[in-house]
$ cat final.cif   # mmCIF, C-alpha atoms
data_coords
#
loop_
_atom_site.label_atom_id
_atom_site.label_comp_id
_atom_site.auth_asym_id
_atom_site.auth_seq_id
_atom_site.Cartn_x
_atom_site.Cartn_y
_atom_site.Cartn_z
CA MET M 227 -11.54 -10.29 -42.86
CA LYS M 228 -15.26 -10.37 -42.08
CA PHE M 229 -17.47 -8.00 -44.04
CA GLU M 230 -18.73 -6.08 -40.99
CA PHE M 231 -15.22 -5.64 -39.58
CA PHE M 232 -13.88 -4.48 -42.96
CA ILE M 233 -16.59 -1.80 -43.35
CA GLY M 234 -16.30 -0.66 -39.72
CA LEU M 235 -12.53 -0.27 -40.07
CA ARG M 236 -12.95 1.71 -43.32
CA TYR M 237 -15.37 4.10 -41.60
CA LEU M 238 -12.74 4.89 -38.95
CA MET M 239 -10.35 6.08 -41.67
CA ALA M 240 -12.06 9.32 -42.61
CA LYS M 241 -11.68 10.95 -45.98
CA ARG M 242 -10.33 14.47 -46.41
CA LYS M 243 -13.78 16.07 -46.17
CA GLN M 244 -14.49 14.15 -42.93
CA THR M 245 -11.40 15.30 -41.05
CA PHE M 246 -13.53 16.76 -38.24
CA ILE M 247 -15.10 13.37 -37.49
CA SER M 248 -11.66 11.75 -37.55
CA LEU M 249 -10.41 14.34 -35.04
CA ILE M 250 -13.31 13.61 -32.68
CA THR M 251 -12.56 9.89 -33.03
CA TRP M 252 -8.95 10.47 -31.95
CA ILE M 253 -10.15 12.65 -29.06
CA SER M 254 -12.43 9.79 -27.97
CA VAL M 255 -9.54 7.33 -28.10
CA GLY M 256 -7.37 9.80 -26.17
CA GLY M 257 -10.05 10.20 -23.50
CA VAL M 258 -10.23 6.45 -22.91
CA THR M 259 -6.41 6.24 -22.95
CA LEU M 260 -6.07 9.02 -20.37
CA GLY M 261 -8.73 7.52 -18.09
CA VAL M 262 -7.26 4.00 -18.20
CA MET M 263 -3.72 5.32 -17.71
CA ALA M 264 -4.75 7.45 -14.72
CA LEU M 265 -6.58 4.52 -13.12
CA ILE M 266 -3.65 2.15 -13.56
CA VAL M 267 -1.08 4.62 -12.21
CA VAL M 268 -3.18 5.62 -9.19
CA LEU M 269 -4.16 2.05 -8.28
CA SER M 270 -0.53 0.92 -8.64
CA VAL M 271 0.63 3.75 -6.38
CA MET M 272 -2.10 3.05 -3.81
CA THR M 273 -1.25 -0.68 -3.81
CA GLY M 274 2.44 0.13 -3.51
CA MET M 275 1.92 2.56 -0.63
CA GLN M 276 -0.33 0.10 1.18
CA ASN M 277 2.21 -2.72 0.84
CA GLU M 278 5.06 -0.36 1.76
CA LEU M 279 3.22 0.65 4.91
CA ARG M 280 2.52 -3.00 5.74
CA ASP M 281 6.16 -3.97 5.26
CA LYS M 282 7.40 -1.12 7.44
CA ILE M 283 4.95 -1.95 10.22
CA LEU M 284 5.86 -5.64 10.08
CA GLY M 285 9.55 -4.77 9.79
CA THR M 286 9.63 -3.10 13.21
CA TYR M 287 6.89 -5.04 14.97
CA SER M 288 5.87 -8.69 15.06
CA HIS M 289 2.88 -10.26 13.29
CA ILE M 290 1.10 -11.15 16.55
CA VAL M 291 1.44 -9.97 20.14
CA ILE M 292 0.20 -11.93 23.13
CA MET M 293 -0.50 -10.09 26.36
CA GLN M 294 -2.10 -10.75 29.70
CA ALA M 295 -5.16 -8.90 30.94
CA GLY M 296 -4.38 -6.46 33.72
CA GLY M 297 -0.78 -5.72 32.81
CA GLY M 298 2.48 -7.59 32.36
CA MET M 299 3.04 -11.34 32.42
CA GLU M 300 5.62 -13.57 34.03
CA GLU M 301 8.24 -15.21 31.82
CA SER M 302 7.20 -18.83 31.40
CA LYS M 303 8.87 -21.54 29.33
CA GLU M 304 5.55 -23.38 29.07
CA THR M 305 3.73 -20.36 27.60
CA LEU M 306 6.51 -19.65 25.11
CA GLU M 307 6.73 -23.31 24.12
CA THR M 308 2.96 -23.46 23.56
CA VAL M 309 3.25 -20.52 21.17
CA ILE M 310 6.34 -21.69 19.29
CA THR M 311 5.02 -25.23 18.72
CA HIS M 312 1.78 -23.96 17.19
CA PRO M 313 1.53 -24.75 13.42
CA GLY M 314 2.25 -21.67 11.31
CA VAL M 315 4.37 -19.92 13.97
CA LYS M 316 7.92 -19.22 12.82
CA ALA M 317 9.44 -17.61 15.92
CA ALA M 318 8.45 -16.00 19.22
CA GLY M 319 10.06 -14.11 22.08
CA TYR M 320 9.30 -11.91 25.08
CA TYR M 321 9.36 -8.12 24.86
CA ILE M 322 8.86 -5.00 26.98
CA TYR M 323 7.09 -1.84 25.79
CA LYS M 324 7.33 1.36 27.85
CA GLU M 325 7.18 5.14 27.43
CA VAL M 326 10.32 7.01 28.49
CA LEU M 327 12.13 10.31 28.10
CA ALA M 328 15.36 10.17 26.09
CA SER M 329 17.91 12.90 26.71
CA SER M 330 21.39 13.93 25.68
CA SER M 331 23.64 16.81 26.66
CA ILE M 332 21.77 19.15 24.32
CA ARG M 333 18.13 18.00 24.06
CA SER M 334 15.35 15.72 25.37
CA SER M 335 12.56 13.89 23.56
CA GLY M 336 9.76 11.50 24.45
CA ALA M 337 10.14 8.00 23.05
CA ILE M 338 8.96 4.40 23.18
CA LEU M 339 11.45 1.97 24.67
CA ARG M 340 11.29 -1.66 23.58
CA GLY M 341 13.13 -4.36 25.46
CA VAL M 342 13.90 -7.30 23.17
CA GLU M 343 15.94 -10.47 23.21
CA PRO M 344 19.06 -9.56 21.13
CA ASN M 345 19.72 -13.03 19.71
CA ASN M 346 16.07 -13.73 18.95
CA GLU M 347 14.86 -10.36 17.61
CA ALA M 348 16.25 -11.00 14.13
CA HIS M 349 13.97 -14.06 13.88
CA VAL M 350 10.84 -12.27 15.19
CA THR M 351 11.07 -8.93 13.32
CA SER M 352 13.04 -7.50 10.39
CA MET M 353 14.76 -4.75 12.37
CA GLU M 354 18.21 -6.05 11.49
CA LYS M 355 17.79 -5.09 7.82
CA TYR M 356 17.01 -1.48 8.84
CA MET M 357 20.25 -1.06 10.78
CA ARG M 358 22.38 1.80 9.46
CA ALA M 359 25.12 1.22 12.02
CA GLY M 360 25.66 -1.55 14.56
CA SER M 361 23.60 -4.69 15.00
CA ILE M 362 20.64 -5.82 17.11
CA LYS M 363 22.93 -8.41 18.70
CA ASP M 364 25.06 -5.56 20.12
CA LEU M 365 22.26 -4.96 22.64
CA GLY M 366 23.51 -7.98 24.55
CA LYS M 367 26.95 -6.44 25.10
CA MET M 368 28.26 -4.19 27.87
CA PHE M 369 30.44 -1.29 26.73
CA ASP M 370 33.41 0.02 28.70
CA GLU M 371 33.31 3.76 29.35
CA GLY M 372 36.11 4.62 31.76
CA LYS M 373 35.28 3.16 35.16
CA PHE M 374 31.78 2.10 34.10
CA ARG M 375 30.25 -0.55 31.90
CA ARG M 376 27.17 0.68 30.07
CA PRO M 377 24.42 -1.37 28.39
CA GLY M 378 23.88 -0.71 24.69
CA ILE M 379 20.92 1.09 23.13
CA ILE M 380 19.73 1.41 19.52
CA LEU M 381 17.61 4.31 18.26
CA GLY M 382 16.12 5.68 15.04
CA ASP M 383 18.15 8.05 12.89
CA GLU M 384 15.63 10.91 13.27
CA LEU M 385 15.73 10.62 17.05
CA ALA M 386 19.54 10.40 16.98
CA ALA M 387 19.69 13.58 14.89
CA ASN M 388 17.25 15.31 17.24
CA LEU M 389 19.31 14.37 20.30
CA GLY M 390 22.61 15.04 18.53
CA VAL M 391 24.09 11.61 19.27
CA ASN M 392 25.88 9.02 17.16
CA VAL M 393 27.24 5.51 17.58
CA GLY M 394 29.68 5.47 20.51
CA ASP M 395 28.09 8.43 22.30
CA GLN M 396 26.22 8.35 25.60
CA MET M 397 22.58 9.21 26.30
CA ASN M 398 20.20 9.01 29.25
CA ILE M 399 16.83 7.33 29.67
CA LEU M 400 14.39 8.66 32.28
CA THR M 401 11.20 7.07 33.56
CA ALA M 402 8.60 8.39 36.00
CA GLN M 403 8.40 4.91 37.56
CA GLY M 404 11.17 5.76 40.03
CA ARG M 405 11.76 5.18 43.72
CA ARG M 406 9.83 6.82 46.53
CA THR M 407 11.73 9.24 48.77
CA ALA M 408 10.88 11.75 51.47
CA LEU M 409 10.51 14.33 48.70
CA GLY M 410 8.16 12.13 46.69
CA VAL M 411 8.68 9.84 43.69
CA MET M 412 12.03 10.54 42.04
CA PRO M 413 12.40 9.69 38.34
CA LYS M 414 14.82 6.90 37.53
CA ILE M 415 17.73 7.67 35.20
CA ARG M 416 20.14 5.35 33.45
CA ARG M 417 22.98 6.13 31.08
CA TYR M 418 23.32 4.03 27.92
CA HIS M 419 25.95 3.57 25.24
CA VAL M 420 24.63 4.20 21.68
CA ALA M 421 25.37 0.85 20.03
CA GLY M 422 23.49 1.34 16.76
CA ILE M 423 21.17 3.47 14.64
CA PHE M 424 18.35 2.22 12.40
CA HIS M 425 16.30 3.72 9.58
CA SER M 426 12.92 2.08 8.92
CA GLY M 427 11.56 4.80 6.63
CA MET M 428 8.61 5.38 9.00
CA TYR M 429 9.08 8.80 10.58
CA GLU M 430 6.98 7.79 13.60
CA TYR M 431 9.38 4.94 14.40
CA ASP M 432 12.62 6.64 13.37
CA SER M 433 11.87 9.67 15.55
CA GLY M 434 10.55 7.95 18.63
CA MET M 435 11.75 4.37 19.13
CA LEU M 436 14.53 2.96 21.30
CA LEU M 437 15.71 -0.63 21.60
CA VAL M 438 17.51 -2.17 24.58
CA SER M 439 18.03 -5.74 25.70
CA LEU M 440 15.18 -7.42 27.57
CA LYS M 441 17.32 -7.93 30.67
CA SER M 442 18.43 -4.28 30.68
CA ALA M 443 14.81 -3.10 30.42
CA GLN M 444 13.74 -5.41 33.27
CA ASP M 445 16.53 -4.08 35.50
CA PHE M 446 15.76 -0.47 34.64
CA PHE M 447 12.02 -0.72 35.32
CA GLY M 448 12.43 -3.12 38.26
CA MET M 449 10.28 -5.75 36.57
CA ASN M 450 12.30 -8.82 37.68
CA ASN M 451 10.96 -11.67 35.49
CA THR M 452 7.95 -9.71 34.24
CA VAL M 453 7.48 -8.71 30.59
CA THR M 454 4.87 -6.83 28.57
CA GLY M 455 4.05 -9.79 26.34
CA VAL M 456 5.13 -12.24 23.66
CA GLU M 457 5.85 -11.17 20.09
CA VAL M 458 5.17 -13.79 17.41
CA LYS M 459 6.23 -14.14 13.78
CA VAL M 460 4.15 -16.39 11.49
CA GLU M 461 4.96 -18.12 8.22
CA LYS M 462 2.19 -16.40 6.20
CA ILE M 463 1.29 -12.86 7.23
CA TYR M 464 -2.31 -13.00 5.97
CA GLN M 465 -3.00 -16.01 8.18
CA ALA M 466 -2.00 -14.05 11.30
CA ASP M 467 -5.63 -13.35 12.27
CA ARG M 468 -6.53 -17.06 12.18
CA ILE M 469 -3.41 -18.07 14.13
CA ALA M 470 -4.08 -15.31 16.70
CA LYS M 471 -7.58 -16.71 17.33
CA GLU M 472 -6.20 -20.24 17.68
CA LEU M 473 -3.53 -19.06 20.16
CA ASP M 474 -6.23 -17.17 22.03
CA GLU M 475 -8.23 -20.38 22.46
CA LYS M 476 -5.16 -22.49 23.19
CA LEU M 477 -3.73 -20.24 25.93
CA GLY M 478 -7.10 -19.22 27.36
CA PRO M 479 -7.75 -16.40 29.86
CA PRO M 480 -6.13 -14.20 31.04
CA PHE M 481 -4.04 -14.23 27.84
CA TYR M 482 -5.24 -12.61 24.65
CA ALA M 483 -3.65 -12.35 21.19
CA ARG M 484 -3.87 -9.55 18.64
CA ASP M 485 -2.65 -9.72 15.04
CA TRP M 486 -1.08 -6.91 13.00
CA GLN M 487 -4.23 -6.39 10.91
CA SER M 488 -6.51 -5.83 13.90
CA MET M 489 -3.96 -3.51 15.58
CA ASN M 490 -3.76 -1.36 12.44
CA ARG M 491 -7.31 -1.94 11.19
CA ASN M 492 -8.32 1.73 11.00
CA LEU M 493 -5.28 2.64 8.93
CA PHE M 494 -5.67 -0.16 6.38
CA VAL M 495 -9.47 0.28 6.14
CA ALA M 496 -8.91 3.99 5.44
CA LEU M 497 -6.42 3.12 2.68
CA LYS M 498 -8.87 0.65 1.09
CA LEU M 499 -11.70 3.19 1.18
CA GLU M 500 -9.42 5.84 -0.31
CA LYS M 501 -8.40 3.45 -3.08
CA ALA M 502 -12.05 2.63 -3.85
CA ALA M 503 -13.04 6.32 -3.84
CA ILE M 504 -10.21 7.27 -6.21
CA PHE M 505 -11.17 4.40 -8.52
CA VAL M 506 -14.77 5.66 -8.71
CA ILE M 507 -13.67 9.26 -9.29
CA LEU M 508 -11.20 8.38 -12.04
CA ALA M 509 -13.68 5.96 -13.63
CA LEU M 510 -15.73 9.07 -14.39
CA VAL M 511 -12.96 10.06 -16.84
CA VAL M 512 -13.61 6.84 -18.76
CA ILE M 513 -17.37 7.49 -18.63
CA VAL M 514 -16.86 10.99 -20.08
CA ALA M 515 -14.73 9.42 -22.81
CA ALA M 516 -17.56 6.93 -23.42
CA PHE M 517 -19.94 9.84 -24.06
CA ASN M 518 -17.41 11.13 -26.61
CA ILE M 519 -17.48 7.73 -28.31
CA ALA M 520 -21.28 7.79 -28.39
CA SER M 521 -21.37 11.30 -29.89
CA THR M 522 -18.68 10.38 -32.44
CA MET M 523 -20.62 7.29 -33.48
CA ILE M 524 -23.86 9.28 -33.84
CA MET M 525 -22.06 11.78 -36.09
CA VAL M 526 -20.60 8.93 -38.16
CA VAL M 527 -24.06 7.38 -38.55
CA MET M 528 -25.49 10.75 -39.69
CA SER M 529 -22.68 11.21 -42.22
CA LYS M 530 -22.98 7.65 -43.51
CA GLY M 531 -26.74 7.68 -44.10
CA ARG M 532 -26.32 7.22 -47.85
CA ASP M 533 -23.87 4.35 -47.40
CA ILE M 534 -26.21 2.62 -44.96
CA ALA M 535 -29.09 2.95 -47.40
CA ILE M 536 -27.02 1.45 -50.26
CA LEU M 537 -25.91 -1.45 -48.06
CA ARG M 538 -29.53 -2.11 -47.05
CA ALA M 539 -30.62 -1.95 -50.71
CA MET M 540 -27.90 -4.47 -51.58
CA GLY M 541 -29.29 -6.91 -49.03
CA ALA M 542 -27.53 -6.10 -45.76
CA THR M 543 -29.77 -6.83 -42.77
CA ARG M 544 -30.37 -4.55 -39.81
CA ARG M 545 -28.23 -6.85 -37.71
CA THR M 546 -25.34 -6.47 -40.19
CA ILE M 547 -25.59 -2.65 -40.06
CA MET M 548 -25.72 -2.77 -36.27
CA ARG M 549 -22.64 -4.99 -36.16
CA ILE M 550 -20.67 -2.61 -38.43
CA PHE M 551 -21.12 0.39 -36.15
CA PHE M 552 -20.84 -1.65 -32.96
CA ILE M 553 -17.48 -2.98 -34.18
CA GLU M 554 -16.40 0.61 -34.95
CA GLY M 555 -17.18 1.69 -31.37
CA THR M 556 -15.46 -1.43 -30.02
CA ILE M 557 -12.28 -0.65 -31.98
CA ILE M 558 -12.21 2.87 -30.48
CA GLY M 559 -12.70 1.50 -26.94
CA LEU M 560 -10.14 -1.30 -27.34
CA SER M 561 -7.56 1.05 -28.88
CA GLY M 562 -7.91 3.49 -25.98
CA THR M 563 -7.76 0.69 -23.41
CA ILE M 564 -4.65 -0.91 -24.93
CA MET M 565 -2.85 2.42 -25.24
CA GLY M 566 -3.88 3.34 -21.69
CA ASN M 567 -2.40 0.07 -20.40
CA ILE M 568 0.85 0.65 -22.27
CA PHE M 569 1.26 4.28 -21.16
CA GLY M 570 0.22 3.42 -17.60
CA PHE M 571 2.77 0.60 -17.43
CA VAL M 572 5.55 2.80 -18.82
CA PHE M 573 4.75 5.64 -16.40
CA CYS M 574 4.72 3.24 -13.42
CA VAL M 575 8.08 1.77 -14.47
CA LEU M 576 9.60 5.27 -14.78
CA LEU M 577 8.11 6.32 -11.42
CA GLU M 578 9.46 3.22 -9.72
CA LYS M 579 12.92 3.52 -11.30
CA TYR M 580 13.60 7.26 -11.01
CA GLN M 581 11.35 8.14 -8.02
CA PHE M 582 10.91 11.71 -9.26
CA ILE M 583 8.03 12.43 -6.84
CA ARG M 584 9.26 13.06 -3.29
CA LEU M 585 7.12 13.04 -0.14
CA PRO M 586 7.69 14.76 3.23
CA ALA M 587 8.82 12.06 5.67
CA ASP M 588 7.10 13.65 8.67
CA ILE M 589 3.68 13.36 6.99
CA TYR M 590 3.79 10.18 4.89
CA PRO M 591 5.16 6.73 5.81
CA ALA M 592 7.56 6.83 2.85
CA THR M 593 9.82 9.45 1.26
CA THR M 594 8.88 8.49 -2.32
CA LEU M 595 5.81 7.10 -4.03
CA ALA M 596 5.94 3.32 -3.86
CA VAL M 597 4.64 1.58 -6.99
CA GLU M 598 3.46 -2.01 -7.20
CA MET M 599 1.76 -3.08 -10.41
CA SER M 600 -0.78 -5.84 -10.12
CA ALA M 601 -2.17 -7.97 -12.94
CA GLY M 602 -5.51 -7.88 -11.12
CA ASP M 603 -5.59 -4.05 -11.26
CA PHE M 604 -4.77 -4.06 -14.98
CA MET M 605 -7.50 -6.62 -15.69
CA MET M 606 -10.09 -4.81 -13.56
CA VAL M 607 -9.41 -1.42 -15.15
CA SER M 608 -9.34 -2.86 -18.67
CA SER M 609 -12.57 -4.80 -18.11
CA CYS M 610 -14.39 -1.75 -16.75
CA ALA M 611 -13.15 0.46 -19.60
CA ILE M 612 -14.14 -2.05 -22.28
CA VAL M 613 -17.60 -2.64 -20.77
CA ILE M 614 -18.26 1.14 -20.50
CA THR M 615 -17.16 1.79 -24.09
CA LEU M 616 -19.17 -1.16 -25.44
CA ILE M 617 -22.29 0.13 -23.72
CA SER M 618 -21.69 3.58 -25.26
CA ALA M 619 -21.56 2.01 -28.75
CA ILE M 620 -24.86 0.15 -28.45
CA TYR M 621 -27.28 3.07 -29.05
CA PRO M 622 -25.52 4.55 -32.13
CA ALA M 623 -25.27 1.07 -33.66
CA TRP M 624 -28.95 0.36 -32.95
CA ASN M 625 -29.90 3.78 -34.37
CA ALA M 626 -27.94 3.04 -37.57
CA SER M 627 -29.76 -0.27 -38.01
CA ARG M 628 -33.12 1.58 -37.99
CA THR M 629 -32.19 3.79 -40.98
CA ASP M 630 -34.83 3.56 -43.74
CA PRO M 631 -33.03 3.15 -47.12
CA VAL M 632 -35.93 4.73 -49.05
CA GLU M 633 -35.86 7.90 -46.93
CA ALA M 634 -32.08 8.08 -47.05
CA LEU M 635 -31.91 7.79 -50.88
CA ARG M 636 -34.97 9.91 -51.71
CA TYR M 637 -33.04 13.16 -52.13
CA GLU M 638 -29.75 11.69 -53.43
#
$ encode --input "final.cif" --output "structure tokens"
Amino acid sequence: MKFEFFIGLRYLMAKRKQTFISLITWISVGGVTLGVMALIVVLSVMTGMQNELRDKILGTYSHIVIMQAGGGMEESKETLETVITHPGVKAAGYYIYKEVLASSSIRSSGAILRGVEPNNEAHVTSMEKYMRAGSIKDLGKMFDEGKFRRPGIILGDELAANLGVNVGDQMNILTAQGRRTALGVMPKIRRYHVAGIFHSGMYEYDSGMLLVSLKSAQDFFGMNNTVTGVEVKVEKIYQADRIAKELDEKLGPPFYARDWQSMNRNLFVALKLEKAAIFVILALVVIVAAFNIASTMIMVVMSKGRDIAILRAMGATRRTIMRIFFIEGTIIGLSGTIMGNIFGFVFCVLLEKYQFIRLPADIYPATTLAVEMSAGDFMMVSSCAIVITLISAIYPAWNASRTDPVEALRYE
């Protein structure tokens, strides 16, 4: 063991008459531990919530949508083939997106109706994994109800609960885009058979989204071979912006492509800013702990004036004295950082496993706090904590090295 490290470690183990200094040392370590732990837990939760929100958005919608300026577009094999054959594109299909009024025998509610291709939707989005009952492929079936055959419809569980319907029940869809009569424009109504119910975990989607087959939506809205656009799934989600630009250039006007990041830019930018702000605020806890380390070190230097003088008289250089107290401050900072990492990791594991913090579904995109630990977050927090504590140890160590042995021993 090096001489400086040995002395610095001995100074941390206070004698009986120096119990007060030892207590302050432990408080300093605890401050760093608490700050590092809080930073790790909060950053892990923020990362988890951000990724959870991303997964839910991409689970119900595609990575890229291609639309035509001025409204809907005509179904074209050439356009779809151009998209599908592009490098990086995994799947693509046409879709319809309209606002409607959903009603049952007891209640009505506004909703978004999406017309999709039943056999292709599982390849373009992840809606199939959110199905609580039924399947996306059931949208392609016609269901016998007495004398009539009804097309199938799938809706979110919150909307189903609001309307009081379940799988096998009937419900109506109304649209203002009806037919003109002598009395004016009459809303168009169609009865559907509830073929399935999904739960995405996003209250906005679960309480206001309906899925029908593309053909059924075209018939209902009188769109013939017209669709809203093309939904595209890519191999790597973070390359969606680049692929969208390439498809934009490849298809040319009047088509334009938008990726999932640009469509939800405000939301994700807000989350990043919130994460950065929380990091800065909680970093202040570590800075406060660093002041505790500095004050502890100054008190240690004052109490060890005689020891410093004896070491100087025995031949220890100023640099040696500075190293002793700098190592002491470093040990305090490293101990707090390591303990903070351990406690933060344990708390995150417990939070992820037992999910003991619940969130209101109508306010947040998830019902529990999502946790995703990142090695990058651990390294960033640890690096910042160590740098801050090292800086706090510099002045006390430098002050100790300036101690005059003659003055210190004069009255001993």
$ residues_near_point --input "final.cif" --point "(14.5, -1.8, 25.6)" --cutoff "9 Å" --atoms "all atoms listed in the file" --output "PyMOL selection string"
chain M and resi 321-324+338-342+365+379-380+436-444
$ closest_residue --input "final.cif" --among "M:Lys228, M:Arg584, M:Glu578, M:Ile558" --to "M:Asn518" --atoms "only C-alpha atoms"
M:Ile558
$ closest_residue --input "final.cif" --among "M:Asn451, M:Val262, M:Gly378, M:Ser288" --to "M:Cys610" --atoms "all atoms listed in the file"
M:Val262
$ closest_residue --input "final.cif" --among "M:Thr629, M:Ala509, M:Glu371, M:Ile519" --to "M:Ala539" --atoms "only C-alpha atoms"
M:Thr629
$ closest_residue --input "final.cif" --among "M:Leu284, M:Met275, M:Ala611, M:Ala535" --to "M:Leu510" --atoms "only C-alpha atoms"
M:Ala611
$ closest_residue --input "final.cif" --among "M:Leu306, M:Ile415, M:Ile568, M:Leu238" --to "M:Phe446" --atoms "all atoms listed in the file"
M:Ile415
$ closest_residue --input "final.cif" --among "M:Lys355, M:His312, M:Arg484, M:Arg417" --to "M:Ser331" --atoms "all atoms listed in the file"
M:Arg417
$ atom_distance --input "final.cif" --atom1 "atom CA of M:Ala502" --atom2 "atom CA of M:Val267"
13.9 Å
$ resolve_selection --input "final.cif" --expression "the PyMOL selection byres ((chain M and resi 282) around 12)" --output "number ranges by chain"
M: 275-281, 283-289, 351-353, 355-356, 425-432, 486, 591-592
$ resolve_selection --input "final.cif" --expression "the PyMOL selection byres ((chain M and resi 399) around 8)" --output "number ranges by chain"
M: 326-329, 397-398, 400-401, 415-418
$ write_last_selection --input "final.cif" --atoms "C-alpha atoms" --output "PDB file, in the frame of the given file"
ATOM      1  CA  VAL M 326      10.320   7.010  28.490  1.00  0.00           C
ATOM      2  CA  LEU M 327      12.130  10.310  28.100  1.00  0.00           C
ATOM      3  CA  ALA M 328      15.360  10.170  26.090  1.00  0.00           C
ATOM      4  CA  SER M 329      17.910  12.900  26.710  1.00  0.00           C
ATOM      5  CA  MET M 397      22.580   9.210  26.300  1.00  0.00           C
ATOM      6  CA  ASN M 398      20.200   9.010  29.250  1.00  0.00           C
ATOM      7  CA  LEU M 400      14.390   8.660  32.280  1.00  0.00           C
ATOM      8  CA  THR M 401      11.200   7.070  33.560  1.00  0.00           C
ATOM      9  CA  ILE M 415      17.730   7.670  35.200  1.00  0.00           C
ATOM     10  CA  ARG M 416      20.140   5.350  33.450  1.00  0.00           C
ATOM     11  CA  ARG M 417      22.980   6.130  31.080  1.00  0.00           C
ATOM     12  CA  TYR M 418      23.320   4.030  27.920  1.00  0.00           C
TER      13      TYR M 418
END
$ residues_near_point --input "final.cif" --point "(-0.1, -17.1, 10.4)" --cutoff "12 Å" --atoms "all atoms listed in the file" --output "ChimeraX atom specification"
/M:288-290,309-310,312-317,458-473,484-487
$ resolve_selection --input "final.cif" --expression "the PyMOL selection byres ((chain M and resi 504) around 12)" --output "number ranges by chain"
M: 261, 264-272, 497-503, 505-511
$ atom_distance --input "final.cif" --atom1 "atom CA of M:Gly319" --atom2 "atom CA of M:Glu347"
7.6 Å
$ atom_distance --input "final.cif" --atom1 "atom CA of M:Gly434" --atom2 "atom CA of M:Asp383"
9.5 Å
